[in-house]
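Visitor: One file is attached below, work-v1.cif, containing mmCIF, C-alpha atoms and all ligand atoms.
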data_query
loop_
_atom_site.group_PDB
_atom_site.id
_atom_site.type_symbol
_atom_site.label_atom_id
_atom_site.label_comp_id
_atom_site.auth_asym_id
_atom_site.auth_seq_id
_atom_site.Cartn_x
_atom_site.Cartn_y
_atom_site.Cartn_z
ATOM 1 C CA MET A 1 111.541 57.415 106.385
ATOM 2 C CA THR A 2 109.800 57.327 103.074
ATOM 3 C CA THR A 3 108.730 54.092 101.508
ATOM 4 C CA PRO A 4 109.284 53.586 97.787
ATOM 5 C CA GLY A 5 106.194 54.688 95.964
ATOM 6 C CA THR A 6 105.445 57.548 98.347
ATOM 7 C CA PRO A 7 104.494 60.458 96.097
ATOM 8 C CA VAL A 8 106.604 63.611 96.247
ATOM 9 C CA ILE A 9 104.343 66.649 96.297
ATOM 10 C CA GLY A 10 105.576 70.205 95.999
ATOM 11 C CA VAL A 11 104.016 73.344 97.435
ATOM 12 C CA LEU A 12 104.504 76.443 95.298
ATOM 13 C CA ALA A 13 106.477 78.588 97.726
ATOM 14 C CA LEU A 14 106.480 82.043 96.166
ATOM 15 C CA GLN A 15 103.966 83.475 98.647
ATOM 16 C CA GLY A 16 101.150 82.261 100.898
ATOM 17 C CA ASP A 17 100.529 79.603 103.555
ATOM 18 C CA VAL A 18 103.156 77.146 102.351
ATOM 19 C CA ARG A 19 104.097 75.664 105.714
ATOM 20 C CA GLU A 20 100.551 74.586 106.585
ATOM 21 C CA HIS A 21 100.274 72.684 103.292
ATOM 22 C CA LEU A 22 103.648 70.973 103.842
ATOM 23 C CA ILE A 23 102.370 69.733 107.211
ATOM 24 C CA ALA A 24 98.985 68.633 105.833
ATOM 25 C CA LEU A 25 100.614 66.724 102.944
ATOM 26 C CA ALA A 26 103.062 64.977 105.268
ATOM 27 C CA SER A 27 100.088 63.911 107.436
ATOM 28 C CA ALA A 28 98.381 62.564 104.310
ATOM 29 C CA ASP A 29 101.332 60.239 103.549
ATOM 30 C CA ALA A 30 103.180 62.248 100.932
ATOM 31 C CA VAL A 31 106.717 63.592 100.885
ATOM 32 C CA ALA A 32 106.214 67.348 100.792
ATOM 33 C CA ARG A 33 108.685 70.007 99.722
ATOM 34 C CA PRO A 34 108.636 73.687 98.790
ATOM 35 C CA VAL A 35 108.997 74.532 95.081
ATOM 36 C CA ARG A 36 110.399 77.882 93.922
ATOM 37 C CA ARG A 37 112.427 77.065 90.825
ATOM 38 C CA PRO A 38 111.876 75.167 87.573
ATOM 39 C CA GLU A 39 114.449 72.502 88.629
ATOM 40 C CA GLU A 40 112.427 71.849 91.803
ATOM 41 C CA LEU A 41 109.186 71.704 89.840
ATOM 42 C CA ALA A 42 110.678 69.071 87.550
ATOM 43 C CA GLU A 43 111.161 66.714 90.517
ATOM 44 C CA VAL A 44 107.645 66.553 91.970
ATOM 45 C CA ASP A 45 104.757 64.195 91.201
ATOM 46 C CA GLY A 46 102.122 66.762 92.157
ATOM 47 C CA LEU A 47 101.872 70.402 93.213
ATOM 48 C CA VAL A 48 99.814 72.408 95.696
ATOM 49 C CA ILE A 49 99.222 76.095 95.051
ATOM 50 C CA PRO A 50 98.565 77.651 98.461
ATOM 51 C CA GLY A 51 96.282 80.382 99.705
ATOM 52 C CA GLY A 52 97.648 83.887 99.890
ATOM 53 C CA GLU A 53 97.224 86.713 97.428
ATOM 54 C CA SER A 54 96.768 85.691 93.827
ATOM 55 C CA THR A 55 97.895 89.052 92.402
ATOM 56 C CA THR A 56 101.221 88.867 94.253
ATOM 57 C CA MET A 57 101.629 85.173 93.467
ATOM 58 C CA SER A 58 101.083 85.854 89.778
ATOM 59 C CA LYS A 59 103.702 88.635 89.742
ATOM 60 C CA LEU A 60 106.248 86.528 91.653
ATOM 61 C CA ALA A 61 105.683 83.579 89.310
ATOM 62 C CA VAL A 62 106.660 85.846 86.395
ATOM 63 C CA LEU A 63 109.645 87.255 88.320
ATOM 64 C CA PHE A 64 110.936 83.795 89.274
ATOM 65 C CA GLY A 65 110.553 82.499 85.713
ATOM 66 C CA MET A 66 107.948 80.001 86.892
ATOM 67 C CA MET A 67 104.873 81.018 84.881
ATOM 68 C CA GLU A 68 105.707 79.106 81.687
ATOM 69 C CA PRO A 69 107.223 76.016 83.376
ATOM 70 C CA LEU A 70 104.114 75.778 85.574
ATOM 71 C CA ARG A 71 101.724 76.183 82.640
ATOM 72 C CA GLU A 72 103.600 73.575 80.642
ATOM 73 C CA ARG A 73 103.639 70.969 83.401
ATOM 74 C CA ILE A 74 99.999 71.522 84.292
ATOM 75 C CA ALA A 75 99.026 71.230 80.623
ATOM 76 C CA ALA A 76 101.089 68.028 80.431
ATOM 77 C CA GLY A 77 99.023 66.484 83.242
ATOM 78 C CA LEU A 78 100.798 67.319 86.514
ATOM 79 C CA PRO A 79 98.267 66.801 89.333
ATOM 80 C CA VAL A 80 97.619 70.173 90.990
ATOM 81 C CA TYR A 81 95.548 71.347 93.953
ATOM 82 C CA GLY A 82 94.839 75.034 94.556
ATOM 83 C CA THR A 83 93.307 76.523 97.717
ATOM 84 C CA CYS A 84 91.737 79.989 97.677
ATOM 85 C CA ALA A 85 94.358 82.147 95.880
ATOM 86 C CA GLY A 86 95.539 78.818 94.419
ATOM 87 C CA LEU A 87 92.034 78.201 93.044
ATOM 88 C CA ILE A 88 92.224 81.625 91.385
ATOM 89 C CA MET A 89 95.612 80.695 89.873
ATOM 90 C CA LEU A 90 94.080 77.542 88.334
ATOM 91 C CA ALA A 91 91.145 79.357 86.745
ATOM 92 C CA ASP A 92 91.135 79.738 82.989
ATOM 93 C CA LYS A 93 89.408 83.105 83.550
ATOM 94 C CA ILE A 94 89.034 85.640 86.393
ATOM 95 C CA LEU A 95 86.033 87.980 86.311
ATOM 96 C CA ASP A 96 87.773 90.866 88.036
ATOM 97 C CA PRO A 97 91.553 90.547 87.582
ATOM 98 C CA ARG A 98 93.820 93.248 88.974
ATOM 99 C CA SER A 99 95.952 94.877 86.304
ATOM 100 C CA GLY A 100 98.797 92.619 85.243
ATOM 101 C CA GLN A 101 97.269 89.623 87.003
ATOM 102 C CA GLU A 102 97.704 86.363 85.099
ATOM 103 C CA THR A 103 96.605 82.848 85.898
ATOM 104 C CA LEU A 104 98.130 79.480 85.148
ATOM 105 C CA GLY A 105 94.813 78.021 84.050
ATOM 106 C CA GLY A 106 94.037 74.324 84.012
ATOM 107 C CA ILE A 107 90.401 74.394 85.083
ATOM 108 C CA ASP A 108 87.704 75.561 82.681
ATOM 109 C CA MET A 109 85.987 77.919 85.117
ATOM 110 C CA ILE A 110 85.309 81.589 85.683
ATOM 111 C CA VAL A 111 86.198 82.792 89.175
ATOM 112 C CA ARG A 112 85.128 85.847 91.155
ATOM 113 C CA ARG A 113 87.854 87.062 93.534
ATOM 114 C CA ASN A 114 86.917 88.107 97.093
ATOM 115 C CA ALA A 115 83.365 87.006 96.298
ATOM 116 C CA PHE A 116 82.494 86.085 99.889
ATOM 117 C CA GLY A 117 84.650 88.870 101.278
ATOM 118 C CA ARG A 118 82.640 92.031 101.143
ATOM 119 C CA GLN A 119 80.183 91.389 103.972
ATOM 120 C CA ASN A 120 82.279 88.886 105.779
ATOM 121 C CA GLU A 121 86.080 88.957 105.715
ATOM 122 C CA SER A 122 86.379 85.457 107.085
ATOM 123 C CA PHE A 123 84.080 82.656 108.259
ATOM 124 C CA GLU A 124 83.851 78.921 108.772
ATOM 125 C CA ALA A 125 81.144 76.607 107.508
ATOM 126 C CA ALA A 126 80.555 72.874 107.246
ATOM 127 C CA VAL A 127 81.006 71.837 103.611
ATOM 128 C CA GLU A 128 80.125 68.457 102.101
ATOM 129 C CA VAL A 129 82.784 67.606 99.530
ATOM 130 C CA ALA A 130 82.107 64.868 96.964
ATOM 131 C CA GLY A 131 84.819 62.235 97.247
ATOM 132 C CA VAL A 132 85.516 63.020 100.916
ATOM 133 C CA THR A 133 83.832 60.504 103.224
ATOM 134 C CA ASP A 134 82.890 60.613 106.926
ATOM 135 C CA GLY A 135 81.017 63.897 107.031
ATOM 136 C CA PRO A 136 81.509 67.503 106.007
ATOM 137 C CA VAL A 137 84.821 69.327 106.233
ATOM 138 C CA ASP A 138 85.229 72.516 108.217
ATOM 139 C CA GLY A 139 85.553 75.091 105.440
ATOM 140 C CA VAL A 140 87.669 78.094 106.412
ATOM 141 C CA PHE A 141 86.916 80.967 104.020
ATOM 142 C CA ILE A 142 89.283 83.955 104.070
ATOM 143 C CA ARG A 143 88.507 86.676 101.513
ATOM 144 C CA ALA A 144 87.481 83.686 99.488
ATOM 145 C CA PRO A 145 86.641 83.491 95.804
ATOM 146 C CA TRP A 146 83.755 81.488 94.425
ATOM 147 C CA VAL A 147 83.400 79.796 91.080
ATOM 148 C CA GLU A 148 80.924 81.708 88.975
ATOM 149 C CA SER A 149 80.584 79.109 86.215
ATOM 150 C CA VAL A 150 82.226 75.930 84.969
ATOM 151 C CA GLY A 151 82.687 74.218 81.624
ATOM 152 C CA ALA A 152 81.361 70.770 80.716
ATOM 153 C CA GLU A 153 84.553 68.950 81.768
ATOM 154 C CA VAL A 154 84.467 70.301 85.304
ATOM 155 C CA GLU A 155 83.001 68.336 88.184
ATOM 156 C CA VAL A 156 81.469 70.435 90.978
ATOM 157 C CA LEU A 157 82.504 68.845 94.300
ATOM 158 C CA ALA A 158 80.987 71.317 96.762
ATOM 159 C CA GLU A 159 78.759 74.349 97.090
ATOM 160 C CA HIS A 160 78.174 76.820 99.895
ATOM 161 C CA GLU A 161 74.948 78.827 99.909
ATOM 162 C CA GLY A 162 74.417 78.079 96.236
ATOM 163 C CA HIS A 163 77.944 79.051 95.184
ATOM 164 C CA ILE A 164 80.504 76.589 93.849
ATOM 165 C CA VAL A 165 83.446 76.259 96.250
ATOM 166 C CA ALA A 166 85.201 73.034 95.181
ATOM 167 C CA VAL A 167 85.838 71.644 91.707
ATOM 168 C CA ARG A 168 87.829 69.042 89.864
ATOM 169 C CA GLN A 169 88.796 68.777 86.234
ATOM 170 C CA GLY A 170 90.802 65.626 85.578
ATOM 171 C CA HIS A 171 94.114 66.027 87.396
ATOM 172 C CA ALA A 172 93.297 69.497 88.795
ATOM 173 C CA LEU A 173 91.504 70.070 92.112
ATOM 174 C CA ALA A 174 90.593 73.420 93.678
ATOM 175 C CA THR A 175 88.799 74.689 96.784
ATOM 176 C CA SER A 176 87.754 78.229 97.776
ATOM 177 C CA PHE A 177 88.474 77.308 101.386
ATOM 178 C CA HIS A 178 91.568 76.251 103.327
ATOM 179 C CA PRO A 179 91.649 72.626 104.582
ATOM 180 C CA GLU A 180 95.331 73.133 105.454
ATOM 181 C CA LEU A 181 94.289 75.360 108.374
ATOM 182 C CA THR A 182 91.997 72.879 110.120
ATOM 183 C CA GLY A 183 94.048 69.808 111.081
ATOM 184 C CA ASP A 184 91.583 67.705 109.039
ATOM 185 C CA HIS A 185 93.643 66.308 106.179
ATOM 186 C CA ARG A 186 90.937 64.468 104.220
ATOM 187 C CA VAL A 187 90.977 66.864 101.258
ATOM 188 C CA HIS A 188 94.773 66.584 101.072
ATOM 189 C CA GLY A 189 94.240 62.806 101.247
ATOM 190 C CA LEU A 190 91.958 63.028 98.217
ATOM 191 C CA PHE A 191 94.681 64.950 96.363
ATOM 192 C CA VAL A 192 97.412 62.500 97.393
ATOM 193 C CA ASP A 193 95.207 59.702 95.972
ATOM 194 C CA MET A 194 94.903 61.663 92.707
ATOM 195 C CA VAL A 195 98.712 61.942 92.571
ATOM 196 C CA ARG A 196 99.137 58.226 93.290
ATOM 197 C CA SER A 197 96.748 57.202 90.540
ATOM 198 C CA ALA A 198 98.393 59.579 88.049
ATOM 199 C CA ARG A 199 101.807 57.941 88.581
HETATM 200 N N1 LIG B 1 91.470 87.206 98.035
HETATM 201 C C1 LIG B 1 92.713 86.562 97.799
HETATM 202 C C2 LIG B 1 93.139 86.668 96.342
HETATM 203 O O1 LIG B 1 92.485 87.289 95.560
HETATM 204 C C3 LIG B 1 92.674 85.102 98.201
HETATM 205 C C4 LIG B 1 92.619 84.984 99.692
HETATM 206 C C5 LIG B 1 93.161 83.699 100.215
HETATM 207 O O2 LIG B 1 93.917 82.980 99.566
HETATM 208 N N2 LIG B 1 92.838 83.433 101.450
HETATM 209 O O3 LIG B 1 94.150 86.131 95.970
#
Here is the file; what I need is its structure written in the form of structure tokens.

Guide:
Amino acid sequence: MTTPGTPVIGVLALQGDVREHLIALASADAVARPVRRPEELAEVDGLVIPGGESTTMSKLAVLFGMMEPLRERIAAGLPVYGTCAGLIMLADKILDPRSGQETLGGIDMIVRRNAFGRQNESFEAAVEVAGVTDGPVDGVFIRAPWVESVGAEVEVLAEHEGHIVAVRQGHALATSFHPELTGDHRVHGLFVDMVRSAR
């Protein structure tokens, strides 16, 4: 049962690890549902953009007619949280886009795709995230991007080995890593709080 006032949070379900985010959001006291169409987007109080493959996600967003509706709602203040490929989607600029790759934007940052990936396809590391209490989170990095630089409005929430891996700009949150894969839902809790205070 949902209590009145429980925020409804969508997970962009074009491609990527949608199911894991739905579970994490439900554990963090939100009503979670997949979003594929503009009508579904119109009904949510917040949106998660999952990990996956940002090039494919970008192409599917165009194909499904979601690119403009997403950009408009994000620009109008919809709380959004992007993990990994989702972080790339929220970047105003990508350093090394594949041809035809577009982003939604929303965070004034420049992102390097697969930045951690060359030596190390995938790893885990303890990451202290500003705004998340009770110790570091277990950061799961899978062909992860890092944030090369940020604008003045962007708050850096976490770094790993000197590279920015979590940021917030107003209503937009992004992490290079995947809290949805760990069973620790504190970062989703932080996002649910952002959605609650935006309502
Ligand atoms: N490297 C992927 C991309 O460029 C992101 C990987 C991920 O989401 N785990 O989209």

Visitor: May I ask which of the residues A:Thr83, A:Ser27, A:Thr6, A:Ser149 is the closest one to Val111 (chain A), counting all atoms listed in the file?

Guide: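 Closest to Val111 (chain A), using all atoms listed in the file: A:Ser149.
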
Visitor: Considering only C-alpha atoms, state which residue in the set A:Glu43, A:Val150, A:Arg71, A:Gly86 is at the smallest distance from Ala13 (chain A).

Guide: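 Smallest separation from Ala13 (chain A) among the options: A:Gly86.
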
Visitor: Can you tell me which residues come within 7 Å of ligand LIG 1 (chain B) when counting all atoms listed in the file, ideally as a PyMOL selection string?

Guide: chain A and resi 51-55+83-86+88+113-114+141-145

Visitor: Selection in question (the file shown): the PyMOL selection byres (((chain A and resi 164-174) around 6) and not hetatm). Which residues does it include, as an mmCIF file with C-alpha atoms, in the coordinates of the input?

Guide:
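Wrote it out as expr.cif, contents follow:
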data_model
loop_
_atom_site.group_PDB
_atom_site.id
_atom_site.type_symbol
_atom_site.label_atom_id
_atom_site.label_comp_id
_atom_site.auth_asym_id
_atom_site.auth_seq_id
_atom_site.Cartn_x
_atom_site.Cartn_y
_atom_site.Cartn_z
ATOM 1 C CA PRO A 79 98.267 66.801 89.333
ATOM 2 C CA VAL A 80 97.619 70.173 90.990
ATOM 3 C CA TYR A 81 95.548 71.347 93.953
ATOM 4 C CA GLY A 82 94.839 75.034 94.556
ATOM 5 C CA THR A 83 93.307 76.523 97.717
ATOM 6 C CA LEU A 87 92.034 78.201 93.044
ATOM 7 C CA ILE A 107 90.401 74.394 85.083
ATOM 8 C CA TRP A 146 83.755 81.488 94.425
ATOM 9 C CA VAL A 147 83.400 79.796 91.080
ATOM 10 C CA VAL A 154 84.467 70.301 85.304
ATOM 11 C CA GLU A 155 83.001 68.336 88.184
ATOM 12 C CA VAL A 156 81.469 70.435 90.978
ATOM 13 C CA LEU A 157 82.504 68.845 94.300
ATOM 14 C CA ALA A 158 80.987 71.317 96.762
ATOM 15 C CA GLU A 159 78.759 74.349 97.090
ATOM 16 C CA HIS A 163 77.944 79.051 95.184
ATOM 17 C CA THR A 175 88.799 74.689 96.784
ATOM 18 C CA SER A 176 87.754 78.229 97.776
#

Visitor: I'd like the residues picked by the PyMOL selection byres (((chain A and resi 62-67) around 8) and not hetatm) written out as a VMD selection string, using the chain letters and numbers from the file.

Guide: chain A and resid 36 to 38 58 to 61 68 to 71 104

Visitor: On this structure, which residues satisfy the PyMOL selection byres (((chain A and resi 91) around 7) and not hetatm), written as a list of chain:residue names?

Guide: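 Answer for the PyMOL selection byres (((chain A and resi 91) around 7) and not hetatm): A:Leu87, A:Ile88, A:Met89, A:Leu90, A:Asp92, A:Lys93, A:Ile94, A:Thr103, A:Gly105, A:Gly106, A:Ile107, A:Asp108, A:Met109, A:Ile110, A:Val111.
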
Visitor: Those selected residues, please, written with C-alpha atoms and delivered as a PDB file, in the frame of the given file.

Guide:
ATOM      1  CA  LEU A  87      92.034  78.201  93.044  1.00  0.00           C
ATOM      2  CA  ILE A  88      92.224  81.625  91.385  1.00  0.00           C
ATOM      3  CA  MET A  89      95.612  80.695  89.873  1.00  0.00           C
ATOM      4  CA  LEU A  90      94.080  77.542  88.334  1.00  0.00           C
ATOM      5  CA  ASP A  92      91.135  79.738  82.989  1.00  0.00           C
ATOM      6  CA  LYS A  93      89.408  83.105  83.550  1.00  0.00           C
ATOM      7  CA  ILE A  94      89.034  85.640  86.393  1.00  0.00           C
ATOM      8  CA  THR A 103      96.605  82.848  85.898  1.00  0.00           C
ATOM      9  CA  GLY A 105      94.813  78.021  84.050  1.00  0.00           C
ATOM     10  CA  GLY A 106      94.037  74.324  84.012  1.00  0.00           C
ATOM     11  CA  ILE A 107      90.401  74.394  85.083  1.00  0.00           C
ATOM     12  CA  ASP A 108      87.704  75.561  82.681  1.00  0.00           C
ATOM     13  CA  MET A 109      85.987  77.919  85.117  1.00  0.00           C
ATOM     14  CA  ILE A 110      85.309  81.589  85.683  1.00  0.00           C
ATOM     15  CA  VAL A 111      86.198  82.792  89.175  1.00  0.00           C
TER      16      VAL A 111
END

Visitor: Hey, can you check how far CA of Gly46 (chain A) sits from CA of Pro7 (chain A)?

Guide: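 Distance reported for this atom pair: 7.8 Å.
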
Visitor: What is the CA of Leu14 (chain A)-CA of Val195 (chain A) distance in Å, reported with one decimal?

Guide: 21.8 Å

Visitor: Could you tell me which of A:Leu47, A:Phe123, A:Ile23, A:Val31 comes closest to Gly77 (chain A) if we count all atoms listed in the file?

Guide: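 Checking each candidate against Gly77 (chain A), we get A:Leu47 as the closest.
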
Visitor: What does the structure give for the distance between CA of Arg199 (chain A) and CA of Pro50 (chain A), in Å to one decimal?

Guide: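 Interatomic distance here is 22.3 Å.
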
Visitor: Can region 134-148 of chain A be brought up to N, CA and C atoms and written out as a CSV table (one decimal), in the coordinates of the input?

Guide:
chain,number,residue,atom,x,y,z
A,134,ASP,N,82.9,60.4,105.5
A,134,ASP,CA,82.9,60.6,106.9
A,134,ASP,C,82.5,62.0,107.3
A,135,GLY,N,81.6,62.6,106.6
A,135,GLY,CA,81.0,63.9,107.0
A,135,GLY,C,81.7,65.1,106.4
A,136,PRO,N,81.0,66.3,106.6
A,136,PRO,CA,81.5,67.5,106.0
A,136,PRO,C,82.9,67.9,106.5
A,137,VAL,N,83.6,68.7,105.7
A,137,VAL,CA,84.8,69.3,106.2
A,137,VAL,C,84.5,70.7,106.8
A,138,ASP,N,85.4,71.2,107.7
A,138,ASP,CA,85.2,72.5,108.2
A,138,ASP,C,85.9,73.5,107.2
A,139,GLY,N,85.0,74.2,106.5
A,139,GLY,CA,85.6,75.1,105.4
A,139,GLY,C,85.9,76.4,106.0
A,140,VAL,N,87.2,76.8,105.9
A,140,VAL,CA,87.7,78.1,106.4
A,140,VAL,C,87.8,79.0,105.2
A,141,PHE,N,87.0,80.1,105.2
A,141,PHE,CA,86.9,81.0,104.0
A,141,PHE,C,87.5,82.3,104.4
A,142,ILE,N,88.6,82.7,103.7
A,142,ILE,CA,89.3,84.0,104.1
A,142,ILE,C,89.4,84.8,102.8
A,143,ARG,N,88.6,85.9,102.7
A,143,ARG,CA,88.5,86.7,101.5
A,143,ARG,C,88.4,85.7,100.3
A,144,ALA,N,87.5,84.8,100.4
A,144,ALA,CA,87.5,83.7,99.5
A,144,ALA,C,86.8,84.0,98.2
A,145,PRO,N,87.3,83.4,97.1
A,145,PRO,CA,86.6,83.5,95.8
A,145,PRO,C,85.5,82.5,95.7
A,146,TRP,N,84.6,82.6,94.8
A,146,TRP,CA,83.8,81.5,94.4
A,146,TRP,C,83.9,81.3,92.9
A,147,VAL,N,83.4,80.1,92.5
A,147,VAL,CA,83.4,79.8,91.1
A,147,VAL,C,82.1,80.2,90.5
A,148,GLU,N,82.1,81.1,89.6
A,148,GLU,CA,80.9,81.7,89.0
A,148,GLU,C,80.3,80.7,88.0
